Amino acid sequence: MLAQRVLASFQHRYGTNPLLVRAPGRVNLIGEHTDYNEGFVLPAAIDKEIVFAVALNGLNSARLFSLDKAEACELPLGAAPLQPGATLWANYLLGVVAQLQRRGVAVPGFDCVFGGNVPMGAGLSSSAAVECGLAFALNELLHLELSRLELARLAQQAEHEFAGVQCGVMDQFASLFGQAGQVVRLDCRSLEYQYFPFDSAAYHLVLCNSGVKHSLASSEYNTRRQECGQGVAVLNRYYPQVRSLRDATLAQLTQHQTELGEVVYRRCRYVVEENQRVETAGQHLAAGNMAAFGQQMYASHAGLRDDYQVSCPELDLLVELAQGQPAVLGARMMGGGFGGCTINLVPAAAVPGFIAATSAAFQQHLGRPLETYQTTIVGGVSVL
Ligand code: GAF
């Protein structure tokens, strides 16, 4: 078992008794690229997790060990502000420490071993799980009493500054606020949230991994964010109440289409429509109309592919394969895009057939096997 492996590795390396913390990855049913536009998202924490063993070490350094990479890294926690270093996985952890220091916390030396089963680069937010897990563990160990919301913001800031991705708050929020069997509808402006039960006896969320890890993902992500900002700057001149795309309407976009330019117009149109889809999909979910919910997922994918242009041929193929199977209720690419997984809403009884048919067709089209994951919705970050 994962937690036992992490604990055994920690005790072998450092010989002390650590605090054990688990931090889940996430799925997002609908509402993609809406979080940094102060819109709505519908994520859930899943049973793909990172486990941390952390203890204070009485030294002036952080000794970090990645179980999955079998790599160690030691960093001084002196007076000089921490900077991102050459070891990429360590930067997610250092980013969290740097954020705590910025909040005036004198972080003492600590030992940390972590490992997990969140597939990397699959769009399941392994990075947010790493950041949230360490932030939560240090909060406990140092009795900082930061709220889960403060931890989510802190982890998001770590991602901005130490991973260079100007992400929204969805992933960190989902990892920290997940509830077993529930999806969470988050308003990314007010940070008000509401849980909706997900009938996991009747429906499964199956993830199909395109196997593509696009090297442009972070730079394109930041570009999309800028394009949305450009759209807001234009609209705000005419409609001062438009402070983010959350406030914009399709009519306003159409009115100023020429000034926005084709690319920015399409980016903005996607975001405004996606926000509406989250609203509509939330109503279908509450009413138990999963067939109608699934249609919103397909529409979301079309917008991400055609207007927001963050999909890739392998993801499009996976969604087409799903669409060709009447039993599948909905499918879409998930997360930042340019690779990673599709999320598929499938009635429980149809799951084996769906996996078999999609795997066979994927193999036939691309000449390589398809990796699929069946997920369960679990609770957010916790002490083990
Ligand atoms: C990534 C980001 F980290 C999230 O904040 C979100 O913007 C998502 O892409 C797209 O919806 O996971």
# chains A, B, ... in the order shown; residues from 1 in each chain; ligands from 1

call {"tool": "select_by_dssp", "arguments": {"residues": "range 58-177 of chain A", "states": "strand (DSSP E or B)", "output": "list in words"}}
result
Ser61, Ala62, Arg63, Leu64, Phe65, Ser66, Glu71, Ala72, Cys73, Glu74, Leu75, Pro76, Phe110, Asp111, Cys112, Val113, Phe114, Gly115 and Gly116 of chain A

call {"tool": "residues_near_ligand", "arguments": {"ligand": "ligand 1", "cutoff": "9 Å", "atoms": "only C-alpha atoms and all ligand atoms", "output": "PyMOL selection string"}}
result
chain A and resi 28+30-37+41+123-125+127-128+156+159+165-172+221+225+334-337

call {"tool": "closest_residue", "arguments": {"among": "A:Leu67, A:Leu19, A:Leu154, A:Ala357", "to": "Leu370 in chain A", "atoms": "only C-alpha atoms"}}
result
A:Ala357

call {"tool": "atom_distance", "arguments": {"atom1": "CA of Arg63 in chain A", "atom2": "CA of Gly109 in chain A"}}
result
7.9 Å

call {"tool": "atom_distance", "arguments": {"atom1": "CA of Ala45 in chain A", "atom2": "CA of Gln11 in chain A"}}
result
28.6 Å

call {"tool": "residues_around", "arguments": {"residues": "Glu71 in chain A", "least_positions_apart": "6", "cutoff": "12 Å", "atoms": "only C-alpha atoms", "output": "ChimeraX atom specification"}}
result
/A:63-65,87-90,112-115

call {"tool": "write_last_selection", "arguments": {"atoms": "N, CA and C atoms", "output": "PDB file, in the first residue's frame"}}
result
ATOM      1  N   ARG A  63      15.202  18.320   3.653  1.00  0.00           N
ATOM      2  CA  ARG A  63      15.710  17.145   2.948  1.00  0.00           C
ATOM      3  C   ARG A  63      14.502  16.467   2.305  1.00  0.00           C
ATOM      4  N   LEU A  64      14.511  16.440   0.975  1.00  0.00           N
ATOM      5  CA  LEU A  64      13.335  15.991   0.231  1.00  0.00           C
ATOM      6  C   LEU A  64      13.681  14.725  -0.538  1.00  0.00           C
ATOM      7  N   PHE A  65      12.731  13.791  -0.585  1.00  0.00           N
ATOM      8  CA  PHE A  65      12.966  12.575  -1.373  1.00  0.00           C
ATOM      9  C   PHE A  65      11.699  12.214  -2.137  1.00  0.00           C
ATOM     10  N   THR A  87      15.981  21.185 -10.014  1.00  0.00           N
ATOM     11  CA  THR A  87      15.216  19.946  -9.830  1.00  0.00           C
ATOM     12  C   THR A  87      13.727  20.276  -9.893  1.00  0.00           C
ATOM     13  N   LEU A  88      13.106  19.901 -10.998  1.00  0.00           N
ATOM     14  CA  LEU A  88      11.738  20.373 -11.253  1.00  0.00           C
ATOM     15  C   LEU A  88      10.748  19.935 -10.187  1.00  0.00           C
ATOM     16  N   TRP A  89      10.816  18.645  -9.796  1.00  0.00           N
ATOM     17  CA  TRP A  89       9.818  18.175  -8.820  1.00  0.00           C
ATOM     18  C   TRP A  89       9.984  18.893  -7.483  1.00  0.00           C
ATOM     19  N   ALA A  90      11.223  19.256  -7.152  1.00  0.00           N
ATOM     20  CA  ALA A  90      11.452  19.926  -5.855  1.00  0.00           C
ATOM     21  C   ALA A  90      10.868  21.339  -5.851  1.00  0.00           C
ATOM     22  N   CYS A 112      11.176  15.168   4.243  1.00  0.00           N
ATOM     23  CA  CYS A 112       9.931  14.867   3.528  1.00  0.00           C
ATOM     24  C   CYS A 112      10.170  13.767   2.500  1.00  0.00           C
ATOM     25  N   VAL A 113       9.367  12.731   2.576  1.00  0.00           N
ATOM     26  CA  VAL A 113       9.329  11.720   1.510  1.00  0.00           C
ATOM     27  C   VAL A 113       7.919  11.744   0.949  1.00  0.00           C
ATOM     28  N   PHE A 114       7.805  11.739  -0.363  1.00  0.00           N
ATOM     29  CA  PHE A 114       6.463  11.696  -0.948  1.00  0.00           C
ATOM     30  C   PHE A 114       6.450  10.802  -2.179  1.00  0.00           C
ATOM     31  N   GLY A 115       5.272  10.238  -2.436  1.00  0.00           N
ATOM     32  CA  GLY A 115       5.112   9.380  -3.612  1.00  0.00           C
ATOM     33  C   GLY A 115       3.637   9.182  -3.850  1.00  0.00           C
TER      34      GLY A 115
END

call {"tool": "closest_residue", "arguments": {"among": "A:His160, A:Arg5, A:Arg102, A:His284", "to": "Ser66 in chain A", "atoms": "only C-alpha atoms"}}
result
A:Arg5

call {"tool": "atom_distance", "arguments": {"atom1": "CA of Ser147 in chain A", "atom2": "CA of Ala129 in chain A"}}
result
16.6 Å

call {"tool": "residues_around", "arguments": {"residues": "Thr342 in chain A", "least_positions_apart": "3", "cutoff": "8 Å", "atoms": "only C-alpha atoms", "output": "PyMOL selection string"}}
result
chain A and resi 207-210+315+318-319+331-334

call {"tool": "residues_around", "arguments": {"residues": "Gln226 in chain A", "least_positions_apart": "2", "cutoff": "12 Å", "atoms": "only C-alpha atoms", "output": "ChimeraX atom specification"}}
result
/A:36-37,166-167,219-224,228-233,244,263-264,267-268

call {"tool": "residues_around", "arguments": {"residues": "Asp306 in chain A", "least_positions_apart": "4", "cutoff": "9 Å", "atoms": "only C-alpha atoms", "output": "ChimeraX atom specification"}}
result
/A:266,270,301-302,310-311

call {"tool": "select_by_dssp", "arguments": {"residues": "range 126-375 of chain A", "states": "helix (DSSP H, G or I)", "output": "number ranges by chain"}}
result
A: 126-141, 148-163, 170-177, 217-238, 245-247, 250-255, 257-260, 262-287, 290-306, 313-323, 348-366

call {"tool": "closest_residue", "arguments": {"among": "A:Ser218, A:Gln295, A:Gln179, A:Gln363", "to": "Thr280 in chain A", "atoms": "only C-alpha atoms"}}
result
A:Gln295

call {"tool": "closest_residue", "arguments": {"among": "A:Gly39, A:Gly116, A:Pro76, A:Gly15", "to": "Met1 in chain A", "atoms": "only C-alpha atoms"}}
result
A:Gly116
